[in-house]
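Asks: Quick one: this structure, given as structure tokens, is what I'll be asking you about.
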Number of protein chains: 2
Amino acid sequence: MEIEARLEQKGVKPTAIRKLVFKALLSATEPLSLAQLELALETVDKSTIFRTVTLFLEHHLVHAFEDGSGSLKYEICQNPYGCSVEDMHIHFYCRNCQKTYCLPSAHIPAITLPEGFVAESVNYTIKGVCEKCRSKEER
Amino acid sequence: MEIEARLEQKGVKPTAIRKLVFKALLSATEPLSLAQLELALETVDKSTIFRTVTLFLEHHLVHAFEDGSGSLKYEICQNPYGCSVEDMHIHFYCRNCQKTYCLPSAHIPAITLPEGFVAESVNYTIKGVCEKCRSKEER
DNA sequence: AATCGGGTGCAAACCGGTTGCAGTTTTCCA
DNA sequence: TGGAAAACTGCAACCGGTTTGCACCCGATT
């Protein structure tokens with residue numbers, strides 16, 4: 001199975017729960033928080049989910065970022081063979097409906113850091129109001 | 001006094017504590033968390049500091065962002081007459097020494113949002129290791 | 001001086017995230 | 001094949017940052 005292979009490829013033993021968590025993140029239409037994962041996987045304990053996504057993080061299966069909602073969001077790395085800084089995209093968080101949009105067309109513009117600084121991860125998030133909510137507000 | 005004028009200009013009554021908080025943020029060499037403000041202003045209660053910066057936020061005297069440290073950082077808006085999205089700069093957070101650097105030379109490259117989306121704030125943060133910490137690590 | 005409303009301190013609640021521990025399952029080797 | 005060791009999971013408690021309820025205080029206004 002596809003999911004199993006991706007876990008194994010990164011050195012993560014594909015237990016039943018891990019496959020569930022991975023699948024939930026894969027099939028979600030947006031990056032998910034721990035709470036959202038907990039909701040989606042009612043049978044699984046939150047500490048297990050936490051440890052699972054932490055494991056995924058360490059093995060570069062997913063990445064995490066803060067979108068301005070106050071909680072971390074987790075997202076599957078697009079590139080199965082390693083998710084580099086350049087691959088990261090911008091996120092848009094709607095303060096009204098609380099949905100987090102990926103803007104995959106918008107790659108994060110690179111910045112030249114001061115001499116000696118080393119970037120390990122990048123977070124570019126825009127907060128505002130999405131199209132749907134704005135058209136509602138205007139009425 | 002300068003500080004008093006800036007508070008009043010934005011419709012914030014300049015109480016003694018508010019001036020203290022504003023001054024602390026102004027004179028800091030980096031954006032500060034609530035905990036850091038609490039430390040800098042030992043006589044002031046943390047809930048008061050919280051309500052003060054929240055008030056500042058509402059009146060666009062400061063802006064807040066999450067730098068990857070786990071806590072929000074507050075920073076005086078550079079432009080006293082309103083802090084627009086274009087004025088925002090990039091932050092660098094060192095996971096080793098936990099210092100947050102402003103990279104004011106690096107204005108955030110603009111992104112064209114999908115039709116109908118409205119940006120209200122922007123957060124572009126890079127996490128990694130700063131020059132000082134890196135040279136230490138290498139020894 | 002009495003009154004009123006905003007400002008402040010204290011304590012407690014809250015919430016997302018994290019950990020300790022015990023029970024269960026899997027692995028692996030004698 | 002049995003049985004110990006290691007890995008995985010659930011439960012409950014904890015933690016730190018943030019937020020709120022409430023009572024008191026203080027300055028402004030009548």
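All residue names refer to the structure tokens as shown: chains lettered A, B, ... in order, residues numbered from 1 in each chain, ligands numbered from 1 in order.
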What do you get for the Cα RMSD if chain B is superposed onto chain A using all Cα atoms in their order?
Replies: 0.3 Å
Asks: Residues at most 9 Å from Gly68 (chain A), counting only C-alpha atoms (C1' of nucleotides), excluding those fewer than 6 positions away in the same chain, as a list in words?
Replies: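 Result of the neighbour search: Tyr93, Arg95, Thr125, Ile126 and Lys127 of chain A; Phe65, Glu66 and Asn123 of chain B.
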Asks: Would you mind exporting C-alpha atoms of the selected residues as an mmCIF file, in the first residue's frame?
Replies:
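Contents of part-v9.cif, as written:
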```cif
data_model
loop_
_atom_site.group_PDB
_atom_site.id
_atom_site.type_symbol
_atom_site.label_atom_id
_atom_site.label_comp_id
_atom_site.auth_asym_id
_atom_site.auth_seq_id
_atom_site.Cartn_x
_atom_site.Cartn_y
_atom_site.Cartn_z
ATOM 1 C CA TYR A 93 -5.632 31.938 7.582
ATOM 2 C CA ARG A 95 -9.806 34.945 10.987
ATOM 3 C CA THR A 125 1.488 33.165 6.799
ATOM 4 C CA ILE A 126 -1.047 35.764 5.830
ATOM 5 C CA LYS A 127 -3.985 36.447 8.084
ATOM 6 C CA PHE B 65 3.442 37.538 15.675
ATOM 7 C CA GLU B 66 4.519 34.045 16.506
ATOM 8 C CA ASN B 123 4.007 36.879 9.333
#
```
Asks: Tell me the residues of chain B close to chain A, meaning within 8 Å using only C-alpha atoms, as an NGL selection string.
Replies: :B and (65-66 or 68 or 106 or 109 or 111 or 115-132 or 134)
Asks: How would the residues just chosen look if you wrote them out with N, CA and C atoms as a PDB file, in the first residue's frame?
Replies:
```
ATOM      1  N   PHE B  65       3.213  38.651  16.592  1.00  0.00           N
ATOM      2  CA  PHE B  65       3.442  37.538  15.675  1.00  0.00           C
ATOM      3  C   PHE B  65       4.055  36.393  16.468  1.00  0.00           C
ATOM      4  N   GLU B  66       3.979  35.239  15.882  1.00  0.00           N
ATOM      5  CA  GLU B  66       4.519  34.045  16.506  1.00  0.00           C
ATOM      6  C   GLU B  66       5.819  33.716  15.772  1.00  0.00           C
ATOM      7  N   GLY B  68       7.890  31.096  16.420  1.00  0.00           N
ATOM      8  CA  GLY B  68       8.330  29.713  16.513  1.00  0.00           C
ATOM      9  C   GLY B  68       8.837  29.364  17.902  1.00  0.00           C
ATOM     10  N   ALA B 106      15.041  43.474   5.086  1.00  0.00           N
ATOM     11  CA  ALA B 106      14.298  42.549   4.227  1.00  0.00           C
ATOM     12  C   ALA B 106      12.804  42.804   4.341  1.00  0.00           C
ATOM     13  N   PRO B 109       8.441  40.199   0.677  1.00  0.00           N
ATOM     14  CA  PRO B 109       8.045  40.247  -0.727  1.00  0.00           C
ATOM     15  C   PRO B 109       6.538  40.066  -0.848  1.00  0.00           C
ATOM     16  N   ILE B 111       2.842  39.172  -2.187  1.00  0.00           N
ATOM     17  CA  ILE B 111       2.241  38.012  -2.842  1.00  0.00           C
ATOM     18  C   ILE B 111       0.866  38.428  -3.352  1.00  0.00           C
ATOM     19  N   GLU B 115      -8.318  36.014  -5.867  1.00  0.00           N
ATOM     20  CA  GLU B 115      -9.391  37.006  -5.973  1.00  0.00           C
ATOM     21  C   GLU B 115     -10.288  37.003  -4.739  1.00  0.00           C
ATOM     22  N   GLY B 116     -10.499  38.160  -4.160  1.00  0.00           N
ATOM     23  CA  GLY B 116     -11.450  38.272  -3.066  1.00  0.00           C
ATOM     24  C   GLY B 116     -10.846  38.122  -1.683  1.00  0.00           C
ATOM     25  N   PHE B 117      -9.626  37.634  -1.598  1.00  0.00           N
ATOM     26  CA  PHE B 117      -8.982  37.477  -0.306  1.00  0.00           C
ATOM     27  C   PHE B 117      -8.382  38.809   0.123  1.00  0.00           C
ATOM     28  N   VAL B 118      -8.545  39.121   1.425  1.00  0.00           N
ATOM     29  CA  VAL B 118      -8.022  40.378   1.948  1.00  0.00           C
ATOM     30  C   VAL B 118      -7.012  40.091   3.054  1.00  0.00           C
ATOM     31  N   ALA B 119      -5.825  40.608   2.899  1.00  0.00           N
ATOM     32  CA  ALA B 119      -4.783  40.417   3.904  1.00  0.00           C
ATOM     33  C   ALA B 119      -4.876  41.500   4.956  1.00  0.00           C
ATOM     34  N   GLU B 120      -4.776  41.088   6.212  1.00  0.00           N
ATOM     35  CA  GLU B 120      -4.792  42.071   7.294  1.00  0.00           C
ATOM     36  C   GLU B 120      -3.465  42.101   8.025  1.00  0.00           C
ATOM     37  N   SER B 121      -2.800  40.972   8.054  1.00  0.00           N
ATOM     38  CA  SER B 121      -1.469  40.956   8.640  1.00  0.00           C
ATOM     39  C   SER B 121      -0.660  39.840   8.008  1.00  0.00           C
ATOM     40  N   VAL B 122       0.620  39.943   8.168  1.00  0.00           N
ATOM     41  CA  VAL B 122       1.524  39.028   7.504  1.00  0.00           C
ATOM     42  C   VAL B 122       2.597  38.616   8.486  1.00  0.00           C
ATOM     43  N   ASN B 123       2.944  37.357   8.464  1.00  0.00           N
ATOM     44  CA  ASN B 123       4.007  36.879   9.333  1.00  0.00           C
ATOM     45  C   ASN B 123       4.983  36.034   8.523  1.00  0.00           C
ATOM     46  N   TYR B 124       6.185  36.516   8.406  1.00  0.00           N
ATOM     47  CA  TYR B 124       7.230  35.797   7.685  1.00  0.00           C
ATOM     48  C   TYR B 124       8.371  35.602   8.669  1.00  0.00           C
ATOM     49  N   THR B 125       8.525  34.375   9.126  1.00  0.00           N
ATOM     50  CA  THR B 125       9.519  34.083  10.141  1.00  0.00           C
ATOM     51  C   THR B 125      10.416  32.948   9.695  1.00  0.00           C
ATOM     52  N   ILE B 126      11.682  33.126   9.916  1.00  0.00           N
ATOM     53  CA  ILE B 126      12.645  32.084   9.594  1.00  0.00           C
ATOM     54  C   ILE B 126      13.217  31.550  10.897  1.00  0.00           C
ATOM     55  N   LYS B 127      13.245  30.244  11.025  1.00  0.00           N
ATOM     56  CA  LYS B 127      13.816  29.640  12.219  1.00  0.00           C
ATOM     57  C   LYS B 127      15.113  28.952  11.847  1.00  0.00           C
ATOM     58  N   GLY B 128      16.084  29.073  12.706  1.00  0.00           N
ATOM     59  CA  GLY B 128      17.364  28.444  12.415  1.00  0.00           C
ATOM     60  C   GLY B 128      18.366  28.758  13.511  1.00  0.00           C
ATOM     61  N   VAL B 129      19.601  28.923  13.118  1.00  0.00           N
ATOM     62  CA  VAL B 129      20.666  29.213  14.072  1.00  0.00           C
ATOM     63  C   VAL B 129      21.352  30.502  13.645  1.00  0.00           C
ATOM     64  N   CYS B 130      21.560  31.390  14.593  1.00  0.00           N
ATOM     65  CA  CYS B 130      22.162  32.681  14.272  1.00  0.00           C
ATOM     66  C   CYS B 130      23.679  32.564  14.183  1.00  0.00           C
ATOM     67  N   GLU B 131      24.279  33.612  13.750  1.00  0.00           N
ATOM     68  CA  GLU B 131      25.720  33.606  13.480  1.00  0.00           C
ATOM     69  C   GLU B 131      26.521  33.262  14.744  1.00  0.00           C
ATOM     70  N   LYS B 132      26.173  33.938  15.859  1.00  0.00           N
ATOM     71  CA  LYS B 132      26.916  33.725  17.107  1.00  0.00           C
ATOM     72  C   LYS B 132      26.869  32.273  17.539  1.00  0.00           C
ATOM     73  N   ARG B 134      26.140  29.668  15.812  1.00  0.00           N
ATOM     74  CA  ARG B 134      26.744  28.742  14.861  1.00  0.00           C
ATOM     75  C   ARG B 134      28.262  28.676  15.044  1.00  0.00           C
TER      76      ARG B 134
END
```
Asks: Please build the interface table for chain C against chain B with a cut-off of 10 Å, listing for each qualifying residue the nearest atom pair and the distance in Å to one decimal; count only C-alpha atoms (C1' of nucleotides), order rows by chain and increasing number, and write it as JSON lines.
Replies:
```
{"residue": "C:DG7", "atom": "C1'", "partner": "B:Thr15", "partner_atom": "CA", "distance": 8.5}
{"residue": "C:DT8", "atom": "C1'", "partner": "B:Thr48", "partner_atom": "CA", "distance": 6.4}
{"residue": "C:DG9", "atom": "C1'", "partner": "B:Asp45", "partner_atom": "CA", "distance": 6.3}
{"residue": "C:DC10", "atom": "C1'", "partner": "B:Asp45", "partner_atom": "CA", "distance": 8.7}
```
Asks: Go ahead and save the picked residues with C-alpha atoms (C1' of nucleotides), as a PDB file, in the first residue's frame.
Replies:
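Final output, selection.pdb:
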```pdb
ATOM      1  C1'  DG C   7      -7.856  50.744  35.301  1.00  0.00           C
ATOM      2  C1'  DT C   8      -5.391  47.353  38.054  1.00  0.00           C
ATOM      3  C1'  DG C   9      -4.122  43.187  40.953  1.00  0.00           C
ATOM      4  C1'  DC C  10      -5.035  38.644  42.421  1.00  0.00           C
TER       5       DC C  10
END
```
Asks: Do you have, as a Markdown table, the list of residues of chain D lying at most 9 Å from chain A, each with its nearest atom pair and that distance in Å to one decimal, counting only C-alpha atoms (C1' of nucleotides) and ordered by chain then number?
Replies:
```
| residue | atom | partner | partner_atom | distance |
| --- | --- | --- | --- | --- |
| D:DC8 | C1' | A:Thr15 | CA | 8.6 |
| D:DT9 | C1' | A:Thr48 | CA | 6.5 |
| D:DG10 | C1' | A:Asp45 | CA | 6.4 |
| D:DC11 | C1' | A:Asp45 | CA | 8.8 |
```
Asks: Next, the residues of the selection above should be written as a PDB file, in the first residue's frame with C-alpha atoms (C1' of nucleotides).
Replies:
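Printed below is result23.pdb as written:
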```pdb
ATOM      1  C1'  DC D   8       3.602   1.271  21.056  1.00  0.00           C
ATOM      2  C1'  DT D   9      -0.596   3.062  23.202  1.00  0.00           C
ATOM      3  C1'  DG D  10      -4.012   4.972  26.661  1.00  0.00           C
ATOM      4  C1'  DC D  11      -4.901   7.387  30.762  1.00  0.00           C
TER       5       DC D  11
END
```
Asks: According to DSSP computed on the backbone, where in region 18-94 of chain A is there alpha helix (DSSP H)? Give the residues as a ChimeraX atom specification.
Replies: /A:18-27,34-40,46-58
Asks: For the residues in the current selection, export C-alpha atoms as a PDB file, in the first residue's frame.
Replies:
```pdb
ATOM      1  CA  ARG A  18       0.246   5.783  12.238  1.00  0.00           C
ATOM      2  CA  LYS A  19      -1.353   4.865   8.975  1.00  0.00           C
ATOM      3  CA  LEU A  20      -4.620   6.342  10.229  1.00  0.00           C
ATOM      4  CA  VAL A  21      -2.983   9.605  11.224  1.00  0.00           C
ATOM      5  CA  PHE A  22      -1.075   9.854   7.980  1.00  0.00           C
ATOM      6  CA  LYS A  23      -4.198   9.138   5.999  1.00  0.00           C
ATOM      7  CA  ALA A  24      -6.154  11.764   7.901  1.00  0.00           C
ATOM      8  CA  LEU A  25      -3.540  14.372   7.086  1.00  0.00           C
ATOM      9  CA  LEU A  26      -3.355  13.237   3.490  1.00  0.00           C
ATOM     10  CA  SER A  27      -7.069  13.367   2.856  1.00  0.00           C
ATOM     11  CA  LEU A  34      -3.852  18.295  16.989  1.00  0.00           C
ATOM     12  CA  ALA A  35      -7.405  19.037  18.070  1.00  0.00           C
ATOM     13  CA  GLN A  36      -8.690  18.558  14.549  1.00  0.00           C
ATOM     14  CA  LEU A  37      -6.816  15.288  14.232  1.00  0.00           C
ATOM     15  CA  GLU A  38      -8.262  14.177  17.538  1.00  0.00           C
ATOM     16  CA  LEU A  39     -11.713  14.959  16.225  1.00  0.00           C
ATOM     17  CA  ALA A  40     -11.119  13.096  12.999  1.00  0.00           C
ATOM     18  CA  LYS A  46      -4.485  12.650  21.841  1.00  0.00           C
ATOM     19  CA  SER A  47      -1.131  11.847  23.372  1.00  0.00           C
ATOM     20  CA  THR A  48      -0.699   9.082  20.836  1.00  0.00           C
ATOM     21  CA  ILE A  49      -1.588  11.471  18.045  1.00  0.00           C
ATOM     22  CA  PHE A  50       0.881  13.957  19.457  1.00  0.00           C
ATOM     23  CA  ARG A  51       3.659  11.414  19.622  1.00  0.00           C
ATOM     24  CA  THR A  52       2.816  10.224  16.161  1.00  0.00           C
ATOM     25  CA  VAL A  53       3.011  13.630  14.492  1.00  0.00           C
ATOM     26  CA  THR A  54       6.161  14.387  16.470  1.00  0.00           C
ATOM     27  CA  LEU A  55       7.652  11.211  15.074  1.00  0.00           C
ATOM     28  CA  PHE A  56       6.494  12.216  11.603  1.00  0.00           C
ATOM     29  CA  LEU A  57       8.138  15.592  12.077  1.00  0.00           C
ATOM     30  CA  GLU A  58      11.445  14.040  13.055  1.00  0.00           C
TER      31      GLU A  58
END
```
Asks: Please identify all polymer residues within 10 Å of region 4-6 of chain C, counting only C-alpha atoms (C1' of nucleotides), omitting same-chain residues fewer than 2 positions from it, and present them as a PyMOL selection string.
Replies: (chain C and resi 2+8) or (chain D and resi 26-30)
Asks: Keeping C-alpha atoms (C1' of nucleotides), export the residues of the selection given above as a compact mmCIF listing (two decimals), in the first residue's frame.
Replies:
```txt
# COMPACT_ATOMS: atom_id res chain seq x y z
C1' DA C 2 -20.58 61.24 46.84
C1' DT C 8 -5.39 47.35 38.05
C1' DC D 26 -8.23 55.80 41.64
C1' DG D 27 -9.10 59.71 38.87
C1' DA D 28 -12.79 62.38 36.65
C1' DT D 29 -17.29 64.46 37.03
C1' DT D 30 -21.31 66.28 39.32
```
